[in-house]
>>> print(open('model.csv').read())   # CSV, C-alpha atoms and all ligand atoms
chain,number,residue,atom,x,y,z
A,1,MET,CA,-6.3,-14.7,30.6
A,2,THR,CA,-2.9,-15.0,32.2
A,3,GLU,CA,-1.1,-14.9,28.8
A,4,GLN,CA,-2.6,-11.5,28.0
A,5,ILE,CA,-0.9,-9.9,31.1
A,6,MET,CA,2.6,-8.5,31.0
A,7,VAL,CA,4.6,-7.8,34.1
A,8,ARG,CA,7.2,-4.9,33.8
A,9,THR,CA,9.0,-2.4,35.9
A,10,GLU,CA,6.9,0.5,37.1
A,11,GLU,CA,7.6,3.7,35.2
A,12,PRO,CA,7.1,7.3,36.4
A,13,GLY,CA,4.1,7.7,34.1
A,14,ASP,CA,2.4,4.8,35.9
A,15,CYS,CA,2.1,6.4,39.3
A,16,ALA,CA,-1.4,7.8,39.0
A,17,SER,CA,-2.7,4.5,37.6
A,18,VAL,CA,-1.0,2.6,40.4
A,19,GLU,CA,-2.5,4.9,43.0
A,20,SER,CA,-6.1,4.3,41.6
A,21,LEU,CA,-5.5,0.6,41.4
A,22,ILE,CA,-4.2,0.3,45.0
A,23,LYS,CA,-7.2,2.3,46.3
A,24,ALA,CA,-9.6,0.0,44.3
A,25,ALA,CA,-7.9,-3.2,45.4
A,26,PHE,CA,-8.0,-2.4,49.1
A,27,ALA,CA,-11.4,-0.6,49.1
A,28,ASP,CA,-13.3,-3.6,50.5
A,29,VAL,CA,-10.4,-5.2,52.5
A,30,ARG,CA,-11.7,-5.3,56.1
A,31,LEU,CA,-8.4,-5.1,57.8
A,32,SER,CA,-7.0,-2.3,55.6
A,33,ASP,CA,-6.5,1.3,56.8
A,34,HIS,CA,-7.0,2.3,53.1
A,35,GLN,CA,-3.7,4.2,53.2
A,36,GLU,CA,-1.7,1.7,51.2
A,37,HIS,CA,-1.4,4.1,48.2
A,38,ASN,CA,0.2,6.7,50.6
A,39,LEU,CA,2.6,4.1,51.9
A,40,VAL,CA,3.7,3.5,48.3
A,41,LYS,CA,4.2,7.2,47.8
A,42,ARG,CA,6.4,7.5,50.9
A,43,LEU,CA,8.3,4.4,50.0
A,44,ARG,CA,9.1,5.7,46.5
A,45,LEU,CA,10.8,8.7,48.2
A,46,SER,CA,12.7,6.6,50.7
A,47,THR,CA,16.1,4.9,50.6
A,48,ALA,CA,14.3,1.6,50.9
A,49,PHE,CA,13.0,2.0,47.4
A,50,ILE,CA,14.5,-0.1,44.6
A,51,PRO,CA,13.0,1.0,41.3
A,52,GLU,CA,13.5,-2.5,39.7
A,53,LEU,CA,11.3,-4.0,42.4
A,54,SER,CA,8.2,-1.9,41.9
A,55,LEU,CA,6.4,-4.0,39.2
A,56,VAL,CA,3.1,-3.5,37.4
A,57,ALA,CA,0.9,-6.0,35.6
A,58,VAL,CA,-0.6,-4.5,32.5
A,59,ALA,CA,-3.1,-5.8,29.9
A,60,SER,CA,-0.7,-6.3,27.0
A,61,ASP,CA,-3.2,-5.1,24.4
A,62,GLN,CA,-4.2,-1.8,26.1
A,63,GLY,CA,-1.4,-1.2,28.6
A,64,ILE,CA,-3.9,-0.7,31.4
A,65,VAL,CA,-2.4,-1.2,34.9
A,66,LEU,CA,-4.3,-4.1,36.6
A,67,GLY,CA,-1.8,-5.1,39.3
A,68,HIS,CA,1.2,-3.8,41.3
A,69,ILE,CA,3.7,-5.2,43.7
A,70,LEU,CA,6.4,-3.5,45.7
A,71,LEU,CA,9.4,-4.9,47.4
A,72,THR,CA,11.5,-2.5,49.5
A,73,ARG,CA,14.6,-2.8,51.7
A,74,ALA,CA,14.2,-4.0,55.2
A,75,GLN,CA,16.6,-5.4,57.8
A,76,LEU,CA,16.8,-8.3,60.3
A,77,LEU,CA,18.3,-7.1,63.5
A,78,ARG,CA,20.4,-9.8,65.2
A,79,GLY,CA,21.4,-8.3,68.5
A,80,GLU,CA,23.5,-5.4,69.2
A,81,THR,CA,26.9,-6.7,68.1
A,82,SER,CA,26.0,-8.3,64.7
A,83,GLN,CA,25.5,-6.5,61.4
A,84,PRO,CA,21.8,-6.5,60.4
A,85,LEU,CA,20.9,-8.8,57.5
A,86,ALA,CA,19.5,-7.0,54.5
A,87,LEU,CA,16.3,-8.5,53.2
A,88,LEU,CA,13.1,-7.3,51.5
A,89,ALA,CA,9.6,-6.4,52.6
A,90,LEU,CA,6.7,-7.2,50.3
A,91,ALA,CA,4.0,-4.5,50.7
A,92,PRO,CA,1.6,-3.9,49.2
A,93,LEU,CA,0.4,-6.3,46.6
A,94,SER,CA,-2.7,-5.1,44.7
A,95,VAL,CA,-4.8,-6.6,41.9
A,96,HIS,CA,-7.8,-4.6,40.5
A,97,PRO,CA,-11.0,-6.2,42.0
A,98,ASP,CA,-12.4,-6.8,38.5
A,99,PHE,CA,-9.3,-8.9,37.5
A,100,GLN,CA,-8.7,-10.9,40.7
A,101,LEU,CA,-8.5,-14.7,40.7
A,102,ARG,CA,-7.0,-14.8,37.2
A,103,GLY,CA,-3.4,-15.4,38.2
A,104,ILE,CA,-2.2,-11.7,38.1
A,105,GLY,CA,-1.2,-11.7,41.8
A,106,SER,CA,0.8,-14.9,41.2
A,107,GLN,CA,2.5,-13.5,38.1
A,108,LEU,CA,3.5,-10.4,40.1
A,109,ILE,CA,4.9,-12.4,43.0
A,110,ASN,CA,6.8,-14.8,40.8
A,111,ALA,CA,8.3,-12.0,38.7
A,112,ALA,CA,9.2,-10.0,41.9
A,113,HIS,CA,10.9,-13.1,43.4
A,114,GLU,CA,12.9,-13.6,40.2
A,115,LYS,CA,14.1,-10.0,40.0
A,116,ALA,CA,14.9,-9.9,43.7
A,117,ARG,CA,16.9,-13.1,43.4
A,118,ARG,CA,18.9,-11.7,40.5
A,119,LEU,CA,19.6,-8.5,42.5
A,120,GLY,CA,21.2,-10.8,45.1
A,121,PHE,CA,18.6,-10.7,47.9
A,122,GLY,CA,18.2,-13.8,50.0
A,123,ALA,CA,14.8,-13.4,51.7
A,124,ILE,CA,11.5,-11.6,51.7
A,125,ILE,CA,9.2,-11.0,54.6
A,126,VAL,CA,5.4,-10.3,54.3
A,127,VAL,CA,2.5,-9.7,56.7
A,128,GLY,CA,-0.5,-11.0,54.8
A,129,HIS,CA,-3.1,-13.6,53.9
A,130,ALA,CA,-2.1,-16.9,55.6
A,131,ASP,CA,-3.8,-18.9,52.9
A,132,TYR,CA,-2.3,-17.1,49.9
A,133,TYR,CA,1.5,-16.7,50.4
A,134,PRO,CA,2.5,-20.2,51.3
A,135,ARG,CA,1.9,-21.3,47.7
A,136,PHE,CA,4.9,-19.1,46.8
A,137,GLY,CA,7.1,-20.7,49.4
A,138,TYR,CA,6.4,-18.4,52.3
A,139,ARG,CA,6.6,-20.0,55.8
A,140,GLN,CA,5.8,-18.7,59.2
A,141,ALA,CA,8.6,-16.2,60.2
A,142,LYS,CA,8.3,-17.6,63.8
A,143,ASP,CA,9.8,-20.9,62.6
A,144,TYR,CA,13.0,-19.0,61.7
A,145,GLY,CA,13.0,-17.1,65.0
A,146,ILE,CA,12.0,-14.0,63.2
A,147,SER,CA,9.7,-11.5,64.9
A,148,PHE,CA,8.0,-8.2,63.9
A,149,PRO,CA,8.1,-4.8,65.7
A,150,PHE,CA,4.3,-5.0,66.1
A,151,HIS,CA,1.7,-7.7,66.9
A,152,VAL,CA,1.0,-10.1,64.1
A,153,ALA,CA,-0.7,-13.4,64.2
A,154,ASP,CA,1.9,-16.2,63.7
A,155,GLU,CA,0.2,-17.5,60.5
A,156,CYS,CA,0.3,-14.0,58.9
A,157,GLY,CA,3.9,-13.1,59.6
A,158,MET,CA,5.8,-14.9,56.9
A,159,VAL,CA,9.1,-15.2,55.1
A,160,VAL,CA,10.5,-16.9,52.0
A,161,GLU,CA,14.1,-17.8,51.3
A,162,LEU,CA,15.0,-16.8,47.7
A,163,LYS,CA,18.2,-18.9,48.0
A,164,PRO,CA,18.0,-22.1,50.0
A,165,GLY,CA,19.6,-21.6,53.4
A,166,ALA,CA,19.6,-17.8,53.1
A,167,LEU,CA,18.2,-17.5,56.6
A,168,CYS,CA,20.2,-20.3,58.1
A,169,ASN,CA,21.7,-19.1,61.4
A,170,TYR,CA,19.7,-15.9,61.2
A,171,SER,CA,17.0,-14.8,63.5
A,172,GLY,CA,15.8,-11.6,65.1
A,173,CYS,CA,13.4,-8.7,64.7
A,174,VAL,CA,12.5,-7.1,61.4
A,175,ARG,CA,13.3,-3.4,61.0
A,176,TYR,CA,11.1,-1.6,58.5
A,177,ASP,CA,11.9,1.6,56.8
A,178,PRO,CA,10.6,4.7,58.6
A,179,ALA,CA,8.3,5.3,55.6
A,180,PHE,CA,6.1,2.5,57.2
A,181,GLY,CA,5.5,4.9,60.1
A,182,LEU,CA,5.9,2.2,62.7
B,201,LIG,C1,-4.7,-11.0,47.3
B,201,LIG,C2,-4.6,-10.6,45.8
B,201,LIG,C3,-3.3,-9.8,45.6
B,201,LIG,C4,-4.5,-11.9,45.1
B,201,LIG,O1,-4.3,-11.6,43.7
B,201,LIG,P1,-5.1,-12.5,42.6
B,201,LIG,O2,-4.6,-12.1,41.3
B,201,LIG,O3,-6.6,-12.4,42.8
B,201,LIG,O4,-4.7,-14.0,43.0
B,201,LIG,P2,-4.3,-15.2,42.0
B,201,LIG,O5,-5.3,-15.2,40.8
B,201,LIG,O6,-2.8,-15.1,41.6
B,201,LIG,O7,-4.4,-16.4,42.9
B,201,LIG,C5,-5.7,-16.9,43.1
B,201,LIG,C6,-5.7,-18.0,44.2
B,201,LIG,O8,-5.3,-17.3,45.4
B,201,LIG,C7,-6.4,-17.4,46.3
B,201,LIG,N1,-6.6,-16.1,47.0
B,201,LIG,C8,-6.8,-14.9,46.4
B,201,LIG,N2,-7.0,-14.0,47.3
B,201,LIG,C9,-6.8,-14.6,48.5
B,201,LIG,C10,-6.9,-14.1,49.8
B,201,LIG,N3,-7.1,-12.9,50.2
B,201,LIG,N4,-6.6,-15.0,50.8
B,201,LIG,C11,-6.4,-16.3,50.5
B,201,LIG,N5,-6.3,-16.8,49.3
B,201,LIG,C12,-6.6,-16.0,48.3
B,201,LIG,C13,-7.6,-17.8,45.5
B,201,LIG,O9,-8.5,-18.5,46.3
B,201,LIG,C14,-7.0,-18.6,44.4
B,201,LIG,O10,-6.8,-19.9,44.9
B,201,LIG,P3,-6.8,-21.2,44.0
B,201,LIG,O11,-5.7,-21.0,42.9
B,201,LIG,O12,-6.5,-22.3,44.9
B,201,LIG,O13,-8.1,-21.3,43.3
B,201,LIG,C15,-5.8,-9.8,45.4
B,201,LIG,O14,-7.0,-10.5,45.7
B,201,LIG,C16,-5.9,-8.4,46.0
B,201,LIG,O15,-5.4,-7.5,45.4
B,201,LIG,N6,-6.6,-8.3,47.1
B,201,LIG,C17,-6.9,-7.0,47.7
B,201,LIG,C18,-5.6,-6.4,48.3
B,201,LIG,C19,-4.9,-7.4,49.2
B,201,LIG,O16,-5.5,-8.1,50.1
B,201,LIG,N7,-3.6,-7.5,49.0
B,201,LIG,C20,-2.7,-8.4,49.7
B,201,LIG,C21,-2.4,-7.9,51.0
B,201,LIG,S1,-1.5,-9.1,51.9
>>> encode(input="model.csv", output="structure tokens", more="lines below")
Ligand SMILES: CC(C)(COP(=O)(O)OP(=O)(O)OC[C@H]1O[C@@H](n2cnc3c(N)ncnc32)[C@H](O)[C@@H]1OP(=O)(O)O)[C@@H](O)C(=O)NCCC(=O)NCCS
Amino acid sequence: MTEQIMVRTEEPGDCASVESLIKAAFADVRLSDHQEHNLVKRLRLSTAFIPELSLVAVASDQGIVLGHILLTRAQLLRGETSQPLALLALAPLSVHPDFQLRGIGSQLINAAHEKARRLGFGAIIVVGHADYYPRFGYRQAKDYGISFPFHVADECGMVVELKPGALCNYSGCVRYDPAFGL
């Protein structure tokens, strides 16, 4: 199944399909506010948006959008005197319920990591499933001295270094784009 899926950059014509996909993916997620599609709309209009880091997974034969991942700009605040560190926030990640557990989420994450690395970013933060993201290298943000501007269970607030040592000597609180409405 995995070889029939192609990951590419989202195009303007994908927006409606991506919205439907996100709604379907989160429909039965207990902790969701079911507003992830609106978050994506706001992020697309924000300065945090990097078009190359909004990716879709499509069925290569029919071009139907089955998955989507978005990485946007965030910052790590390191006290009042230091410059914030630029990093990325992963949110949201969506795979259509009928196509989950076939490696699509993994393909999207790996492709997004590769692109982000090529664009020069050193780290990505995520708030998400504690049993899913560690397989892609994510570790508890707490272990790096990184905190979030809201309550999050230690195991769900995670970070991955795209370049070894990228977070060495960095710690602080994550600042999300205002589009997150925090
Ligand atoms: C979470 C999600 C993106 C995973 O995508 P996917 O394409 O189904 O996952 P993959 O096929 O790449 O990976 C499957 C593996 O991940 C595990 N996995 C899938 N969803 C998981 C979850 N919610 N929590 C923990 N592990 C999960 C599977 O058990 C499987 O493990 P295995 O390889 O050891 O058998 C997808 O289920 C989804 O869209 N869920 C609804 C929206 C959501 O929760 N998004 C993430 C918000 S943090």
>>> residues_near_point(input="model.csv", point="(0.6, -7.9, 32.7)", cutoff="7 Å", atoms="all atoms listed in the file", output="PyMOL selection string")
chain A and resi 4-7+56-60
>>> residues_near_ligand(input="model.csv", ligand="ligand LIG 201 (chain B)", cutoff="9 Å", atoms="only C-alpha atoms and all ligand atoms", output="ChimeraX atom specification")
/A:2,22,24-29,31-32,67-69,90-97,99-109,126-133,135,156
>>> closest_residue(input="model.csv", among="A:His113, A:Lys142, A:Arg8, A:His151", to="Pro51 in chain A", atoms="only C-alpha atoms")
A:Arg8
>>> atom_distance(input="model.csv", atom1="CA of Arg139 in chain A", atom2="CA of Val160 in chain A")
6.3 Å
>>> closest_residue(input="model.csv", among="A:Gly120, A:Leu39, A:Ala48, A:Ser54", to="Glu11 in chain A", atoms="all atoms listed in the file")
A:Ser54
>>> atom_distance(input="model.csv", atom1="CA of Arg118 in chain A", atom2="CA of Asn38 in chain A")
28.1 Å
>>> closest_residue(input="model.csv", among="A:Thr72, A:Ser17, A:Gln83, A:Gln140", to="Arg44 in chain A", atoms="only C-alpha atoms")
A:Thr72
>>> closest_residue(input="model.csv", among="A:Ile124, A:Ala111, A:Ala86, A:Val18", to="Leu71 in chain A", atoms="only C-alpha atoms")
A:Ile124
>>> atom_distance(input="model.csv", atom1="CA of Lys23 in chain A", atom2="CA of Ala112 in chain A")
21.0 Å
>>> closest_residue(input="model.csv", among="A:Phe148, A:Ala179, A:Arg117, A:His37", to="Glu161 in chain A", atoms="only C-alpha atoms")
A:Arg117
